[in-house]
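Have a look at the structure below, then the notes.
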Amino acid sequence: VHSAFLKAMVISEICKGVSNAARKNEVMQPADVIKTRFQARAFSQTSLWRTFADAARIEGGLAYYKGIVPTLCTVTPKVTLQMGGLAFFKPRCKDIVPDALVPATAGILTGIVQAFAFLTPMETIKVRQQVEVGWDGSYRTMVGTMRHMAANEGFLGFYQGLAPTVVRQSGGLVVKFSGYEGIKAMLSDRPGETLAGWKHALAGGATNIAVGVLNSPPDVVKTRMQEQSSATRRYASSWDCCCIIAREEGLRAFFRGSQASRNLLC
């Protein structure tokens, strides 16, 4: 009975998490489209405001919802793995790493699983849809994008930007799993103290801002790798992408769209 009750509680929490994440993605999809375009090489000479305005002027309001289908397709597995990753990996890491590193290690492993299992392919599809200007191209729908990529780039085309996706997901989850608890500990006066609501909010807000800033460089590299097709290839690898961005655009380019990223996370 106790086991069945716990299972029901876990399923309930996952369902609530999925529902909340889906609603958040629907509301914040315009910010994600603008962030992706602002990071992309095709828009590297355009300001954030110009990127936003041109989308409405050239393509209409629906442009802000390009890539919404692959985004929503990742919600359930992403939330399930994020919530279950710590519970699954934490006990398996206790005998391998020091106790202080257990949450961080669980975050790294969860991020790797997310990136390999579903996130990289779906993000590649989403990026292709979001950076394409107009409605008559090859990436108009999710299914059309998948067919075009499979025919022209093969299976590996869906795994463009795998390395920066792993870094982004693992790094973000390390901060979420470890940083949130660390900030709460800093805000508490004594061990085991029940924190006031504003302290929980402060810890969560600070953690999300940190994730948005720290994840910006791998996110920019991920977008650059995923926007290029076999016909428009500029970067030979993620490392080559990093070097070219640093050489031609400077270090500030790695933080393009970081404000939009923070809005998506908060």
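Quick note on naming: the chains in the structure tokens go A, B, ... in the order shown, residues restart at 1 in each chain, and ligands are numbered from 1 in order of appearance.
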Shell around segment 108-117 of chain A at 7 Å using only C-alpha atoms, local window under 3 positions removed, as a list of chain:residue names: A:Lys78, A:Leu81, A:Gln82, A:Gly85, A:Ala104, A:Thr105, A:Thr120, A:Leu162, A:Thr165, A:Val166, A:Gln169, A:Ser170, A:Gly171, A:Leu173, A:Val174
Might you pull out every residue within 12 Å of segment 22-33 of chain A, with only C-alpha atoms counted and same-chain residues fewer than 2 positions away left off, and present them as a CSV table (one decimal) with N, CA, C and O atoms, in the first residue's frame?
```
chain,number,residue,atom,x,y,z
A,15,CYS,N,3.0,14.6,-13.6
A,15,CYS,CA,1.9,15.2,-14.4
A,15,CYS,C,1.8,16.7,-14.2
A,15,CYS,O,1.6,17.5,-15.1
A,16,LYS,N,1.9,17.1,-12.9
A,16,LYS,CA,1.9,18.6,-12.6
A,16,LYS,C,3.1,19.3,-13.3
A,16,LYS,O,2.9,20.4,-13.8
A,17,GLY,N,4.2,18.7,-13.2
A,17,GLY,CA,5.4,19.3,-13.8
A,17,GLY,C,5.3,19.4,-15.3
A,17,GLY,O,5.7,20.4,-15.9
A,18,VAL,N,4.8,18.3,-15.9
A,18,VAL,CA,4.6,18.3,-17.4
A,18,VAL,C,3.6,19.4,-17.8
A,18,VAL,O,3.8,20.2,-18.7
A,19,SER,N,2.5,19.5,-17.0
A,19,SER,CA,1.5,20.5,-17.3
A,19,SER,C,2.0,21.9,-17.2
A,19,SER,O,1.8,22.8,-18.1
A,20,ASN,N,2.7,22.2,-16.1
A,20,ASN,CA,3.3,23.5,-15.9
A,20,ASN,C,4.3,23.8,-17.0
A,20,ASN,O,4.4,25.0,-17.5
A,35,LYS,N,15.4,34.2,-29.3
A,35,LYS,CA,16.7,33.8,-28.8
A,35,LYS,C,17.4,33.0,-29.8
A,35,LYS,O,18.6,33.3,-30.1
A,36,THR,N,16.8,32.0,-30.4
A,36,THR,CA,17.4,31.1,-31.4
A,36,THR,C,17.9,31.9,-32.6
A,36,THR,O,19.0,31.7,-33.1
A,37,ARG,N,17.0,32.8,-33.1
A,37,ARG,CA,17.4,33.5,-34.3
A,37,ARG,C,18.6,34.5,-34.0
A,37,ARG,O,19.5,34.7,-34.8
A,38,PHE,N,18.5,35.1,-32.8
A,38,PHE,CA,19.6,36.0,-32.4
A,38,PHE,C,20.9,35.3,-32.3
A,38,PHE,O,22.0,35.9,-32.5
A,39,GLN,N,20.9,34.1,-31.9
A,39,GLN,CA,22.1,33.3,-31.7
A,39,GLN,C,22.7,32.8,-33.1
A,39,GLN,O,23.9,32.6,-33.2
A,40,ALA,N,21.8,32.6,-34.0
A,40,ALA,CA,22.1,31.9,-35.3
A,40,ALA,C,23.1,32.8,-36.1
A,40,ALA,O,23.0,34.0,-36.1
A,48,LEU,N,18.7,42.5,-31.3
A,48,LEU,CA,17.7,41.7,-30.7
A,48,LEU,C,16.3,42.3,-31.1
A,48,LEU,O,15.4,41.5,-31.5
A,49,TRP,N,16.2,43.6,-31.0
A,49,TRP,CA,14.9,44.2,-31.4
A,49,TRP,C,14.6,44.1,-32.9
A,49,TRP,O,13.4,43.8,-33.2
A,51,THR,N,15.5,41.7,-34.8
A,51,THR,CA,15.2,40.3,-35.0
A,51,THR,C,13.7,40.0,-34.6
A,51,THR,O,13.0,39.4,-35.4
A,52,PHE,N,13.3,40.6,-33.5
A,52,PHE,CA,11.9,40.5,-33.1
A,52,PHE,C,10.9,41.2,-34.1
A,52,PHE,O,9.9,40.6,-34.5
A,53,ALA,N,11.3,42.4,-34.5
A,53,ALA,CA,10.4,43.2,-35.4
A,53,ALA,C,10.3,42.6,-36.8
A,53,ALA,O,9.2,42.5,-37.4
A,55,ALA,N,10.5,39.5,-37.6
A,55,ALA,CA,9.7,38.3,-37.7
A,55,ALA,C,8.3,38.6,-37.9
A,55,ALA,O,7.6,38.0,-38.7
A,56,ALA,N,7.8,39.6,-37.2
A,56,ALA,CA,6.4,40.0,-37.3
A,56,ALA,C,6.1,40.7,-38.7
A,56,ALA,O,5.1,40.4,-39.4
A,61,GLY,N,2.5,37.1,-37.0
A,61,GLY,CA,2.6,36.7,-35.6
A,61,GLY,C,2.9,35.2,-35.5
A,61,GLY,O,3.5,34.8,-34.4
A,62,LEU,N,2.5,34.3,-36.4
A,62,LEU,CA,2.7,32.9,-36.3
A,62,LEU,C,4.2,32.5,-36.3
A,62,LEU,O,4.6,31.5,-35.8
A,63,ALA,N,5.1,33.5,-36.8
A,63,ALA,CA,6.5,33.2,-36.8
A,63,ALA,C,7.0,33.0,-35.4
A,63,ALA,O,8.0,32.2,-35.2
A,64,TYR,N,6.4,33.6,-34.4
A,64,TYR,CA,6.9,33.5,-33.0
A,64,TYR,C,6.6,32.1,-32.4
A,64,TYR,O,7.0,31.8,-31.3
A,65,TYR,N,5.8,31.3,-33.2
A,65,TYR,CA,5.5,29.9,-32.7
A,65,TYR,C,6.1,28.9,-33.6
A,65,TYR,O,5.7,27.7,-33.5
A,66,LYS,N,7.1,29.2,-34.4
A,66,LYS,CA,7.8,28.2,-35.2
A,66,LYS,C,8.5,27.3,-34.2
A,66,LYS,O,9.1,27.7,-33.2
A,67,GLY,N,8.5,26.0,-34.5
A,67,GLY,CA,9.1,25.0,-33.7
A,67,GLY,C,8.4,24.6,-32.4
A,67,GLY,O,8.9,23.9,-31.5
A,68,ILE,N,7.1,25.0,-32.3
A,68,ILE,CA,6.4,24.7,-31.0
A,68,ILE,C,6.1,23.2,-30.9
A,68,ILE,O,6.1,22.7,-29.8
A,69,VAL,N,5.9,22.5,-32.0
A,69,VAL,CA,5.6,21.1,-31.9
A,69,VAL,C,6.8,20.3,-31.3
A,69,VAL,O,6.6,19.5,-30.4
A,70,PRO,N,8.0,20.4,-31.9
A,70,PRO,CA,9.1,19.6,-31.3
A,70,PRO,C,9.4,20.1,-29.9
A,70,PRO,O,9.8,19.3,-29.0
A,71,THR,N,9.1,21.4,-29.6
A,71,THR,CA,9.3,21.8,-28.2
A,71,THR,C,8.4,21.1,-27.3
A,71,THR,O,8.8,20.6,-26.2
A,72,LEU,N,7.1,21.0,-27.6
A,72,LEU,CA,6.1,20.4,-26.8
A,72,LEU,C,6.4,18.9,-26.7
A,72,LEU,O,6.1,18.2,-25.7
A,73,CYS,N,6.9,18.3,-27.7
A,73,CYS,CA,7.3,16.8,-27.7
A,73,CYS,C,8.3,16.5,-26.7
A,73,CYS,O,8.4,15.3,-26.3
A,74,THR,N,9.2,17.4,-26.4
A,74,THR,CA,10.2,17.2,-25.4
A,74,THR,C,9.8,17.4,-23.9
A,74,THR,O,10.5,17.0,-23.0
A,75,VAL,N,8.6,17.9,-23.7
A,75,VAL,CA,8.2,18.3,-22.4
A,75,VAL,C,8.1,17.1,-21.4
A,75,VAL,O,8.8,17.1,-20.4
A,76,THR,N,7.4,16.1,-21.8
A,76,THR,CA,7.2,14.9,-20.9
A,76,THR,C,8.5,14.2,-20.6
A,76,THR,O,8.8,14.0,-19.5
A,77,PRO,N,9.3,13.8,-21.6
A,77,PRO,CA,10.5,13.1,-21.3
A,77,PRO,C,11.5,14.0,-20.5
A,77,PRO,O,12.2,13.5,-19.6
A,78,LYS,N,11.5,15.3,-20.9
A,78,LYS,CA,12.5,16.2,-20.2
A,78,LYS,C,12.1,16.3,-18.7
A,78,LYS,O,13.0,16.2,-17.8
A,79,VAL,N,10.8,16.6,-18.4
A,79,VAL,CA,10.4,16.7,-17.0
A,79,VAL,C,10.6,15.4,-16.3
A,79,VAL,O,11.0,15.4,-15.1
A,123,GLU,N,15.8,19.2,-30.7
A,123,GLU,CA,16.3,20.6,-30.7
A,123,GLU,C,16.8,21.0,-32.1
A,123,GLU,O,16.7,22.1,-32.6
A,126,LYS,N,13.8,21.7,-34.1
A,126,LYS,CA,13.2,23.0,-33.7
A,126,LYS,C,14.1,24.2,-34.2
A,126,LYS,O,13.5,25.2,-34.8
A,127,VAL,N,15.4,24.1,-34.2
A,127,VAL,CA,16.2,25.2,-34.6
A,127,VAL,C,16.1,25.4,-36.1
A,127,VAL,O,16.0,26.5,-36.6
A,128,ARG,N,16.0,24.3,-36.9
A,128,ARG,CA,15.9,24.4,-38.3
A,128,ARG,C,14.6,25.2,-38.7
A,128,ARG,O,14.5,26.0,-39.6
A,129,GLN,N,13.5,24.8,-37.9
A,129,GLN,CA,12.2,25.5,-38.2
A,129,GLN,C,12.3,27.0,-37.8
A,129,GLN,O,11.7,27.8,-38.5
A,130,GLN,N,12.9,27.3,-36.7
A,130,GLN,CA,12.9,28.6,-36.1
A,130,GLN,C,13.8,29.6,-36.9
A,130,GLN,O,13.4,30.8,-37.0
A,131,VAL,N,14.9,29.1,-37.5
A,131,VAL,CA,15.8,30.1,-38.2
A,131,VAL,C,15.4,30.3,-39.6
A,131,VAL,O,15.9,31.2,-40.3
A,132,GLU,N,14.5,29.4,-40.2
A,132,GLU,CA,14.1,29.6,-41.6
A,132,GLU,C,13.1,30.7,-41.7
A,132,GLU,O,12.1,30.7,-41.0
A,133,VAL,N,13.4,31.7,-42.5
A,133,VAL,CA,12.5,32.9,-42.7
A,133,VAL,C,11.6,32.5,-43.8
A,133,VAL,O,11.9,32.1,-44.9
A,219,ASP,N,24.9,27.0,-25.5
A,219,ASP,CA,23.6,27.2,-26.2
A,219,ASP,C,23.9,27.9,-27.6
A,219,ASP,O,23.3,27.5,-28.6
A,223,THR,N,23.2,26.1,-31.2
A,223,THR,CA,22.4,26.7,-32.3
A,223,THR,C,23.1,26.8,-33.6
A,223,THR,O,22.6,26.5,-34.6
A,257,GLY,N,21.6,36.4,-26.8
A,257,GLY,CA,20.4,35.8,-26.4
A,257,GLY,C,20.3,35.3,-25.0
A,257,GLY,O,19.3,34.7,-24.5
A,258,SER,N,21.3,35.7,-24.1
A,258,SER,CA,21.3,35.2,-22.7
A,258,SER,C,20.2,35.9,-22.0
A,258,SER,O,19.6,35.3,-21.0
A,259,GLN,N,19.8,37.1,-22.3
A,259,GLN,CA,18.6,37.7,-21.6
A,259,GLN,C,17.4,37.0,-21.9
A,259,GLN,O,16.6,36.7,-21.0
A,260,ALA,N,17.2,36.6,-23.2
A,260,ALA,CA,16.0,35.8,-23.5
A,260,ALA,C,16.0,34.4,-22.8
A,260,ALA,O,15.0,33.9,-22.4
A,261,SER,N,17.2,33.8,-22.7
A,261,SER,CA,17.4,32.6,-22.0
A,261,SER,C,17.0,32.7,-20.5
A,261,SER,O,16.3,31.8,-19.9
A,262,ARG,N,17.4,33.8,-19.9
A,262,ARG,CA,17.0,34.0,-18.5
A,262,ARG,C,15.5,34.2,-18.3
A,262,ARG,O,14.9,33.7,-17.4
A,263,ASN,N,14.9,34.8,-19.3
A,263,ASN,CA,13.4,35.0,-19.3
A,263,ASN,C,12.7,33.6,-19.4
A,263,ASN,O,11.7,33.4,-18.8
A,264,LEU,N,13.3,32.7,-20.2
A,264,LEU,CA,12.7,31.4,-20.4
A,264,LEU,C,12.8,30.6,-19.1
A,264,LEU,O,11.9,29.8,-18.8
A,265,LEU,N,13.9,30.8,-18.4
A,265,LEU,CA,14.1,30.0,-17.2
A,265,LEU,C,13.4,30.5,-16.0
A,265,LEU,O,13.0,29.7,-15.1
A,266,CYS,N,13.2,31.8,-15.9
A,266,CYS,CA,12.7,32.4,-14.6
A,266,CYS,C,11.1,32.2,-14.6
A,266,CYS,O,10.5,32.0,-15.6
```
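Take the candidates A:Leu86, A:Trp198, A:Pro218, A:Gly157 and check each one against Arg233 of chain A using only C-alpha atoms; the shortest distance goes to A:Gly157.
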Every residue of segment 133-198 of chain A that DSSP places in helix (DSSP H, G or I), as an MDAnalysis selection string: chainID A and resid 142:153 155:159 162:187 197:198
Separation of atom CA of Ala42 of chain A from atom CA of Tyr159 of chain A, in Å and rounded to one decimal: 20.3 Å
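When only C-alpha atoms are used to compute distances to Ser238 of chain A, the closest of the residues A:Gly179, A:Val211, A:Gln160, A:Ala201 turns out to be A:Gln160.
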Selection: 10 Å around Trp239 of chain A, only C-alpha atoms, excl. self and same-chain fewer than 4 positions, as a VMD selection string: chain A and resid 163 to 164 221 235 243 to 245
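Atom CA of Glu227 of chain A lies 18.6 Å from atom CA of Ser47 of chain A.
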Between atom CA of Gly182 of chain A and atom CA of Ala203 of chain A, distance in Å (one decimal):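 It comes out at 8.6 Å.
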For Pro103 of chain A: contacts at 9 Å, only C-alpha atoms, fewer than 4 positions along chain excluded, given as a PyMOL selection string: chain A and resi 86+89-90+93+99+107-108+174+177-178
